[in-house]
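Notes follow once the structure below has been shown.
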Amino acid sequence: MPQITRFIDDRNNFHVLLCGLIFFLGADAVVVQFQLKGTQQAINITLMIVLIVNVWAIDNPRTDVISWKLGATMAIALTMITDSLIVSNFLAKFQLIMAFIFISLTTWQAWSQVMFTGRVDQNKIVGAVCIYLLLGMAWAFAYLIVEAFLPGSMNGLESDLWQENVHGLIYYSMVTLTTLGYGDITPNQPLVRFLAYMEAVTGVFYMAILVASLIGIRLAGVDPTKSIEELEAEDRARRSANS
């Protein structure tokens, strides 16, 4: 892993992550469209490898804890192994929960790098797009978990196997996150309805606040690592110099 992260660091890791996410989403659509058998696991493993590499590439002193990175890597490796070798309803729920936790922590790690380290550059703008896609995927796995424990919570699903519902619920999650909503897949239980409207609210506020803030900070040349007091002190110093 260190050999890989010499080429992927916090200057370009989000470009790699975005390519990996787009590849996963596009390849998943192709697999479902043409009903290709035996390739879904390979696509899922590819996605998790991309996420692991990017977790190790992020260098953020506020969240960069080596034990967490090792634990996340081991957990997702175990999830991939059980998904490939063992078919079990109990392990299916375990796989879903571990995937949700891993994607959620990856999203938080990406958020920490985008918002709390250094100046806003092109990589961090790309990172904001990655966070948006990761939010949609995290919510998709939340829906899958609810469906696994409470079957029939979602209308419009075509299978009882979560592996075959991933594409449909990622699609539903993305259109909900953007508040688009076509109505072909719908929640019919209180818990998933709660998740759906919370996802819609998150999508609206994310686009309105986070992305606008990043663009504003970049245009203003403000260093987000500095405290309000430091920025105010610099502003007073500039005013004194001008006067």
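Quick note on naming: the chains in the structure tokens go A, B, ... in the order shown, residues restart at 1 in each chain, and ligands are numbered from 1 in order of appearance.
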Each segment 134-169 of chain A residue no farther than 10 Å from segment 20-25 of chain A, nearest pair in Å, only C-alpha atoms, as a tab-separated table:
```
residue	atom	partner	partner_atom	distance
A:Leu134	CA	A:Leu21	CA	8.4
A:Met137	CA	A:Leu21	CA	9.8
A:His167	CA	A:Leu25	CA	8.1
```
Margin query: Could you check the closest approach to Glu164 of chain A for each of A:Gln113, A:Asn13, A:Gln189, A:Gln35 and tell me which residue wins, using only C-alpha atoms?
Written below: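 Under the stated criterion, the closest residue is A:Gln35.
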Note to self: Need to verify the contact set: Ala138 of chain A, 12 Å, only C-alpha atoms, exclusion of same-chain residues closer than 3 positions in sequence. Can you return it as a PyMOL selection string?
What the structure shows: chain A and resi 96-108+131-135+141-145+166+169-170+173-174+177+195+199
Next item on the list: Go through A:Met115, A:Ile185, A:Leu180, A:Val146 one by one, measure the shortest atom-to-atom distance of each to Val204 of chain A using only C-alpha atoms, and give the residue with the smallest value.
Entry: A:Leu180
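When atom CA of Arg119 of chain A is paired with atom CA of Ala241 of chain A, their separation reads 24.6 Å.
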Check: Quick one, how far is atom CA of Tyr197 of chain A from atom CA of Thr178 of chain A?
Finding: 11.2 Å
8 Å contact set for Thr186 of chain A, only C-alpha atoms, chain neighbours under 4 positions out, as an mmCIF file with C-alpha atoms, in the first residue's frame:
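Result went into result13.cif, see below:
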```
data_model
loop_
_atom_site.group_PDB
_atom_site.id
_atom_site.type_symbol
_atom_site.label_atom_id
_atom_site.label_comp_id
_atom_site.auth_asym_id
_atom_site.auth_seq_id
_atom_site.Cartn_x
_atom_site.Cartn_y
_atom_site.Cartn_z
ATOM 1 C CA MET A 154 -39.152 -0.736 -0.894
ATOM 2 C CA ASN A 155 -41.517 -1.065 -3.851
ATOM 3 C CA GLY A 156 -40.110 -1.775 -7.303
#
```
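Relative to atom CA of Tyr206 of chain A, atom CA of Ile125 of chain A is found at 13.3 Å.
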